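Trainee: Structure below; questions to follow.
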Amino acid sequence: MIVVVGRWVCRTKLAGFLSAETSVKHACFQSHRAASIMAEEAKKLAAYAAVDNHVQNNQVVGVGSGSTIVYAVDRLADRVRQEKLNIICVPTSFQARQLILQHGLTLSDLDRHPELDVAIDGADEVDDDLTLIKGGGGCLTQEKIVAGCAKHFVVIADFRKDSKALGEQWKKGIPIEVIPMAYVPVNLRMAVSKAGPVVTDNSNFILDWKFEQAQNWKEVNTAIKMIPGVVETGLFVGMAERAYFGMEDGSVKTRNTTVH
């Protein structure tokens with residue numbers, strides 16, 4: 001009888017422990033899910049604000065890449081339908097091209113429209129000077145080309161991408177696009193890292209250069225691009241004129257550059 005009671009007590013304690021562990025896991029899952037929903041809503045707020053404030057009739061618009069851009073294209077398509085706007089869209093990637101087509105928007109390219117009125121794109125991180133890290137998804141070169149062709153370049157992001165200095169939030173390093181032949185030499189020279197070659201829309205490879213502290217990003221960008229085989233970096237310096245951040249409380253925070 002004592003043995004049986006002892007076993008019963010142990011099982012009861014174990015059951016209680018498992019129940020508590022399950023509760024903790026459930027709470028963590030719910031917390032993560034709530035944070036994810038909040039971030040998605042923040043992306044939507046930033047995207048809608050940018051499209052409403054910067055897109056007008058008879059414009060050519062550069063469409064960026066990434067998860068936040070999905071909301072921007074949604075809003076752009078709504079406005080085109082509701083306001084009968086004449087908008088031409090130039091994509092920065094295959095993903096952006098598909099979004100434009102799926103929403104029934106007018107698709108073009110830089111051959112036909114080399115000058116854009118505005119380009120809207122996301123970012124992996126934005127610092128106080130509106131210097132950006134972009135390219136986590138592998139589209140940095142085409143994104144930079146389109147942004148450089150636009151009269152106005154606007155960034156949209158959620159609160160997690162807002163930093164005083166680069167590296168505070170984004171820990172994966174600066175993406176660098178290199179031609180395949182230069183993959184190993186650049187890797188060895190810069191001590192960059194990547195689990196395996198990520199292929200871009202240009203059929204090149206992406207490497208990540210990790211840094212330890214804030215630097216003169218204009219000089220860093222130039223120095224990296226001087227390495228043979230480097231096509232482009234994910235550093236966008238002095239390009240964005242305004243950033244929209246969707247915040248946790250449902251507001252939209254803006255940051256303007258002093259350069260423009």
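Chain labels follow the order of the structure tokens: the first chain is A, the next B, and so on; residue numbering restarts at 1 in every chain, and ligands are counted from 1 in their shown order.
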Applying 9 Å and only C-alpha atoms, which residues near His103 in chain A remain after dropping the ones on its own chain fewer than 4 positions away? List them as an mmCIF file with N, CA and C atoms, in the first residue's frame.

Mentor:
```cif
data_model
loop_
_atom_site.group_PDB
_atom_site.id
_atom_site.type_symbol
_atom_site.label_atom_id
_atom_site.label_comp_id
_atom_site.auth_asym_id
_atom_site.auth_seq_id
_atom_site.Cartn_x
_atom_site.Cartn_y
_atom_site.Cartn_z
ATOM 1 N N VAL A 73 1.428 47.576 -51.447
ATOM 2 C CA VAL A 73 0.792 47.267 -52.725
ATOM 3 C C VAL A 73 -0.717 47.085 -52.536
ATOM 4 N N ASP A 74 -1.111 46.500 -51.427
ATOM 5 C CA ASP A 74 -2.541 46.383 -51.115
ATOM 6 C C ASP A 74 -3.200 47.760 -51.102
ATOM 7 N N ALA A 77 -3.238 49.453 -54.592
ATOM 8 C CA ALA A 77 -4.293 48.892 -55.441
ATOM 9 C C ALA A 77 -5.670 49.415 -55.035
ATOM 10 N N GLN A 98 5.456 40.134 -59.161
ATOM 11 C CA GLN A 98 4.282 39.288 -58.975
ATOM 12 C C GLN A 98 3.184 40.009 -58.196
ATOM 13 N N LEU A 99 3.578 40.772 -57.187
ATOM 14 C CA LEU A 99 2.595 41.535 -56.410
ATOM 15 C C LEU A 99 1.863 42.541 -57.293
#
```

Trainee: Skipping near chain neighbours, those fewer than 5 positions away, what residues fall within 8 Å of Ile69 in chain A using only C-alpha atoms, listed as a short mmCIF file (atom, residue, chain, number, x, y, z; two decimals) with all heavy atoms, in the first residue's frame?

Mentor:
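Result went into around_28.cif, see below:
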```cif
data_model
loop_
_atom_site.label_atom_id
_atom_site.label_comp_id
_atom_site.auth_asym_id
_atom_site.auth_seq_id
_atom_site.Cartn_x
_atom_site.Cartn_y
_atom_site.Cartn_z
N ALA A 47 2.98 51.18 -44.01
CA ALA A 47 2.79 51.07 -45.46
C ALA A 47 1.65 51.96 -45.94
O ALA A 47 1.78 52.69 -46.94
CB ALA A 47 2.53 49.62 -45.85
N VAL A 63 8.34 49.95 -56.63
CA VAL A 63 7.78 49.04 -55.63
C VAL A 63 8.88 48.14 -55.08
O VAL A 63 9.50 47.38 -55.82
CB VAL A 63 6.66 48.18 -56.25
CG1 VAL A 63 6.11 47.18 -55.22
CG2 VAL A 63 5.54 49.07 -56.78
N GLY A 64 9.12 48.26 -53.79
CA GLY A 64 10.19 47.51 -53.14
C GLY A 64 9.85 46.05 -52.92
O GLY A 64 8.89 45.52 -53.47
N ILE A 120 9.04 53.24 -52.84
CA ILE A 120 8.69 52.85 -51.47
C ILE A 120 9.25 51.46 -51.22
O ILE A 120 9.01 50.54 -52.00
CB ILE A 120 7.17 52.87 -51.26
CG1 ILE A 120 6.60 54.26 -51.53
CG2 ILE A 120 6.82 52.41 -49.85
CD1 ILE A 120 5.08 54.34 -51.46
N ASP A 121 9.98 51.30 -50.14
CA ASP A 121 10.62 50.02 -49.87
C ASP A 121 10.76 49.81 -48.37
O ASP A 121 10.69 50.76 -47.59
CB ASP A 121 12.00 49.96 -50.53
CG ASP A 121 12.45 48.54 -50.86
OD1 ASP A 121 11.84 47.60 -50.33
OD2 ASP A 121 13.41 48.39 -51.64
N GLY A 122 10.99 48.58 -47.96
CA GLY A 122 11.21 48.26 -46.57
C GLY A 122 12.69 48.33 -46.22
O GLY A 122 13.51 48.74 -47.04
N ILE A 156 9.47 52.09 -45.30
CA ILE A 156 8.41 51.66 -44.40
C ILE A 156 8.90 50.47 -43.57
O ILE A 156 9.56 49.58 -44.09
CB ILE A 156 7.12 51.29 -45.16
CG1 ILE A 156 7.41 50.28 -46.27
CG2 ILE A 156 6.49 52.54 -45.76
CD1 ILE A 156 6.17 49.82 -47.04
#
```

Trainee: With only C-alpha atoms as the atoms that count, which of A:Ala96, A:Leu166, A:Leu188, A:Ile179 lies nearest to Asn216 in chain A?

Mentor: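 Nearest candidate to Asn216 in chain A out of A:Ala96, A:Leu166, A:Leu188, A:Ile179: A:Leu166.
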
Trainee: Taking only C-alpha atoms into account, name the residue in A:Arg79, A:Leu107, A:Ala119, A:Leu132 that is nearest to Ser163 in chain A.

Mentor: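 Among A:Arg79, A:Leu107, A:Ala119, A:Leu132, it is A:Leu132 that comes nearest to Ser163 in chain A.
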
Trainee: Could you tell me how far CA of Asn58 in chain A sits from CA of Val80 in chain A, in Å to one decimal place?

Mentor: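 Taking CA of Val80 in chain A and CA of Asn58 in chain A, their separation equals 10.6 Å.
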
Trainee: Find the spatial neighbours of Thr141 in chain A, counting only C-alpha atoms, within a cut-off of 12 Å - ignore same-chain residues fewer than 4 positions away - and output them as a PDB file with N, CA, C and O atoms, in the first residue's frame.

Mentor:
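As written to disk, around-v1.pdb reads:
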```pdb
ATOM      1  N   GLY A  64       9.123  48.264 -53.785  1.00  0.00           N
ATOM      2  CA  GLY A  64      10.190  47.511 -53.144  1.00  0.00           C
ATOM      3  C   GLY A  64       9.853  46.054 -52.917  1.00  0.00           C
ATOM      4  O   GLY A  64       8.895  45.522 -53.474  1.00  0.00           O
ATOM      5  N   SER A  65      10.657  45.411 -52.068  1.00  0.00           N
ATOM      6  CA  SER A  65      10.500  43.984 -51.801  1.00  0.00           C
ATOM      7  C   SER A  65      10.364  43.736 -50.306  1.00  0.00           C
ATOM      8  O   SER A  65      10.705  44.577 -49.494  1.00  0.00           O
ATOM      9  N   THR A  92      11.255  45.979 -57.924  1.00  0.00           N
ATOM     10  CA  THR A  92      12.656  45.814 -57.541  1.00  0.00           C
ATOM     11  C   THR A  92      13.072  44.343 -57.497  1.00  0.00           C
ATOM     12  O   THR A  92      14.231  44.040 -57.222  1.00  0.00           O
ATOM     13  N   SER A  93      12.126  43.453 -57.732  1.00  0.00           N
ATOM     14  CA  SER A  93      12.419  42.023 -57.612  1.00  0.00           C
ATOM     15  C   SER A  93      11.327  41.214 -58.294  1.00  0.00           C
ATOM     16  O   SER A  93      10.290  41.757 -58.699  1.00  0.00           O
ATOM     17  N   LYS A 134      19.719  46.923 -45.878  1.00  0.00           N
ATOM     18  CA  LYS A 134      18.712  46.247 -46.678  1.00  0.00           C
ATOM     19  C   LYS A 134      19.348  45.029 -47.331  1.00  0.00           C
ATOM     20  O   LYS A 134      20.563  44.892 -47.344  1.00  0.00           O
ATOM     21  N   GLY A 135      18.493  44.152 -47.847  1.00  0.00           N
ATOM     22  CA  GLY A 135      19.012  43.011 -48.580  1.00  0.00           C
ATOM     23  C   GLY A 135      18.952  41.706 -47.842  1.00  0.00           C
ATOM     24  O   GLY A 135      19.480  40.701 -48.324  1.00  0.00           O
ATOM     25  N   GLY A 136      18.315  41.690 -46.653  1.00  0.00           N
ATOM     26  CA  GLY A 136      18.191  40.435 -45.936  1.00  0.00           C
ATOM     27  C   GLY A 136      17.471  39.379 -46.756  1.00  0.00           C
ATOM     28  O   GLY A 136      17.701  38.184 -46.611  1.00  0.00           O
ATOM     29  N   GLY A 137      16.600  39.852 -47.656  1.00  0.00           N
ATOM     30  CA  GLY A 137      15.889  38.931 -48.535  1.00  0.00           C
ATOM     31  C   GLY A 137      16.588  38.686 -49.855  1.00  0.00           C
ATOM     32  O   GLY A 137      16.109  37.916 -50.694  1.00  0.00           O
ATOM     33  N   ILE A 145      19.101  50.278 -57.198  1.00  0.00           N
ATOM     34  CA  ILE A 145      18.984  50.892 -58.525  1.00  0.00           C
ATOM     35  C   ILE A 145      17.671  51.655 -58.643  1.00  0.00           C
ATOM     36  O   ILE A 145      17.635  52.812 -59.075  1.00  0.00           O
ATOM     37  N   VAL A 146      16.579  51.007 -58.245  1.00  0.00           N
ATOM     38  CA  VAL A 146      15.266  51.658 -58.330  1.00  0.00           C
ATOM     39  C   VAL A 146      15.199  52.871 -57.411  1.00  0.00           C
ATOM     40  O   VAL A 146      14.710  53.930 -57.803  1.00  0.00           O
ATOM     41  N   ALA A 147      15.701  52.734 -56.199  1.00  0.00           N
ATOM     42  CA  ALA A 147      15.700  53.863 -55.262  1.00  0.00           C
ATOM     43  C   ALA A 147      16.506  55.032 -55.812  1.00  0.00           C
ATOM     44  O   ALA A 147      16.135  56.199 -55.661  1.00  0.00           O
ATOM     45  N   GLY A 148      17.616  54.716 -56.478  1.00  0.00           N
ATOM     46  CA  GLY A 148      18.471  55.763 -57.040  1.00  0.00           C
ATOM     47  C   GLY A 148      17.846  56.478 -58.225  1.00  0.00           C
ATOM     48  O   GLY A 148      18.265  57.591 -58.570  1.00  0.00           O
ATOM     49  N   PRO A 175      24.383  42.615 -45.818  1.00  0.00           N
ATOM     50  CA  PRO A 175      24.404  41.756 -47.004  1.00  0.00           C
ATOM     51  C   PRO A 175      25.265  42.372 -48.109  1.00  0.00           C
ATOM     52  O   PRO A 175      25.231  43.579 -48.336  1.00  0.00           O
ATOM     53  N   ILE A 176      26.020  41.528 -48.763  1.00  0.00           N
ATOM     54  CA  ILE A 176      26.882  41.958 -49.865  1.00  0.00           C
ATOM     55  C   ILE A 176      26.639  41.023 -51.041  1.00  0.00           C
ATOM     56  O   ILE A 176      26.740  39.802 -50.899  1.00  0.00           O
ATOM     57  N   GLU A 177      26.324  41.591 -52.184  1.00  0.00           N
ATOM     58  CA  GLU A 177      26.111  40.774 -53.375  1.00  0.00           C
ATOM     59  C   GLU A 177      27.415  40.671 -54.155  1.00  0.00           C
ATOM     60  O   GLU A 177      28.059  41.674 -54.460  1.00  0.00           O
ATOM     61  N   VAL A 178      27.809  39.437 -54.468  1.00  0.00           N
ATOM     62  CA  VAL A 178      29.060  39.213 -55.200  1.00  0.00           C
ATOM     63  C   VAL A 178      28.787  38.273 -56.374  1.00  0.00           C
ATOM     64  O   VAL A 178      27.863  37.458 -56.334  1.00  0.00           O
ATOM     65  N   ILE A 179      29.601  38.377 -57.414  1.00  0.00           N
ATOM     66  CA  ILE A 179      29.456  37.434 -58.516  1.00  0.00           C
ATOM     67  C   ILE A 179      29.975  36.072 -58.034  1.00  0.00           C
ATOM     68  O   ILE A 179      30.852  36.012 -57.158  1.00  0.00           O
ATOM     69  N   THR A 200      20.649  35.586 -55.831  1.00  0.00           N
ATOM     70  CA  THR A 200      19.813  36.763 -56.034  1.00  0.00           C
ATOM     71  C   THR A 200      19.068  36.672 -57.368  1.00  0.00           C
ATOM     72  O   THR A 200      19.302  35.771 -58.171  1.00  0.00           O
ATOM     73  N   ASP A 201      18.199  37.655 -57.600  1.00  0.00           N
ATOM     74  CA  ASP A 201      17.496  37.725 -58.886  1.00  0.00           C
ATOM     75  C   ASP A 201      18.468  37.953 -60.038  1.00  0.00           C
ATOM     76  O   ASP A 201      18.135  37.740 -61.205  1.00  0.00           O
ATOM     77  N   ASN A 202      19.683  38.381 -59.730  1.00  0.00           N
ATOM     78  CA  ASN A 202      20.713  38.620 -60.749  1.00  0.00           C
ATOM     79  C   ASN A 202      21.623  37.407 -60.928  1.00  0.00           C
ATOM     80  O   ASN A 202      22.640  37.490 -61.610  1.00  0.00           O
ATOM     81  N   SER A 203      21.284  36.306 -60.274  1.00  0.00           N
ATOM     82  CA  SER A 203      22.076  35.068 -60.311  1.00  0.00           C
ATOM     83  C   SER A 203      23.436  35.227 -59.650  1.00  0.00           C
ATOM     84  O   SER A 203      24.392  34.512 -59.981  1.00  0.00           O
ATOM     85  N   ASN A 204      23.537  36.163 -58.713  1.00  0.00           N
ATOM     86  CA  ASN A 204      24.753  36.329 -57.921  1.00  0.00           C
ATOM     87  C   ASN A 204      24.532  35.738 -56.537  1.00  0.00           C
ATOM     88  O   ASN A 204      23.457  35.251 -56.220  1.00  0.00           O
ATOM     89  N   PHE A 205      25.587  35.801 -55.696  1.00  0.00           N
ATOM     90  CA  PHE A 205      25.511  35.259 -54.342  1.00  0.00           C
ATOM     91  C   PHE A 205      25.476  36.388 -53.310  1.00  0.00           C
ATOM     92  O   PHE A 205      25.961  37.494 -53.558  1.00  0.00           O
ATOM     93  N   ILE A 206      24.899  36.069 -52.141  1.00  0.00           N
ATOM     94  CA  ILE A 206      24.863  37.028 -51.037  1.00  0.00           C
ATOM     95  C   ILE A 206      25.744  36.525 -49.896  1.00  0.00           C
ATOM     96  O   ILE A 206      25.667  35.357 -49.498  1.00  0.00           O
ATOM     97  N   LYS A 225      32.698  48.136 -51.877  1.00  0.00           N
ATOM     98  CA  LYS A 225      32.405  48.078 -53.311  1.00  0.00           C
ATOM     99  C   LYS A 225      33.675  48.087 -54.158  1.00  0.00           C
ATOM    100  O   LYS A 225      33.640  47.687 -55.331  1.00  0.00           O
ATOM    101  N   VAL A 230      32.685  42.349 -55.915  1.00  0.00           N
ATOM    102  CA  VAL A 230      31.521  42.857 -55.183  1.00  0.00           C
ATOM    103  C   VAL A 230      30.638  43.646 -56.143  1.00  0.00           C
ATOM    104  O   VAL A 230      31.108  44.559 -56.823  1.00  0.00           O
ATOM    105  N   VAL A 231      29.380  43.306 -56.202  1.00  0.00           N
ATOM    106  CA  VAL A 231      28.432  44.000 -57.071  1.00  0.00           C
ATOM    107  C   VAL A 231      27.819  45.192 -56.347  1.00  0.00           C
ATOM    108  O   VAL A 231      27.776  46.308 -56.858  1.00  0.00           O
ATOM    109  N   GLU A 232      27.338  44.950 -55.124  1.00  0.00           N
ATOM    110  CA  GLU A 232      26.671  46.015 -54.370  1.00  0.00           C
ATOM    111  C   GLU A 232      26.583  45.614 -52.904  1.00  0.00           C
ATOM    112  O   GLU A 232      26.733  44.442 -52.558  1.00  0.00           O
ATOM    113  N   THR A 233      26.365  46.602 -52.040  1.00  0.00           N
ATOM    114  CA  THR A 233      26.198  46.325 -50.613  1.00  0.00           C
ATOM    115  C   THR A 233      24.773  46.666 -50.186  1.00  0.00           C
ATOM    116  O   THR A 233      24.056  47.390 -50.871  1.00  0.00           O
ATOM    117  N   GLY A 234      24.395  46.160 -49.022  1.00  0.00           N
ATOM    118  CA  GLY A 234      23.085  46.454 -48.461  1.00  0.00           C
ATOM    119  C   GLY A 234      23.064  47.713 -47.630  1.00  0.00           C
ATOM    120  O   GLY A 234      22.097  47.968 -46.914  1.00  0.00           O
ATOM    121  N   LEU A 235      24.120  48.515 -47.715  1.00  0.00           N
ATOM    122  CA  LEU A 235      24.143  49.815 -47.040  1.00  0.00           C
ATOM    123  C   LEU A 235      23.536  50.869 -47.958  1.00  0.00           C
ATOM    124  O   LEU A 235      24.015  51.094 -49.066  1.00  0.00           O
ATOM    125  N   PHE A 236      22.481  51.516 -47.512  1.00  0.00           N
ATOM    126  CA  PHE A 236      21.852  52.602 -48.257  1.00  0.00           C
ATOM    127  C   PHE A 236      22.144  53.888 -47.486  1.00  0.00           C
ATOM    128  O   PHE A 236      21.509  54.164 -46.471  1.00  0.00           O
TER     129      PHE A 236
END
```

Trainee: Pick the closest to Gln102 in chain A from A:Ala39, A:Ala157, A:Val70, A:Ala214: which is it, counting only C-alpha atoms?

Mentor: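 The shortest atom-to-atom distance to Gln102 in chain A comes from A:Val70.
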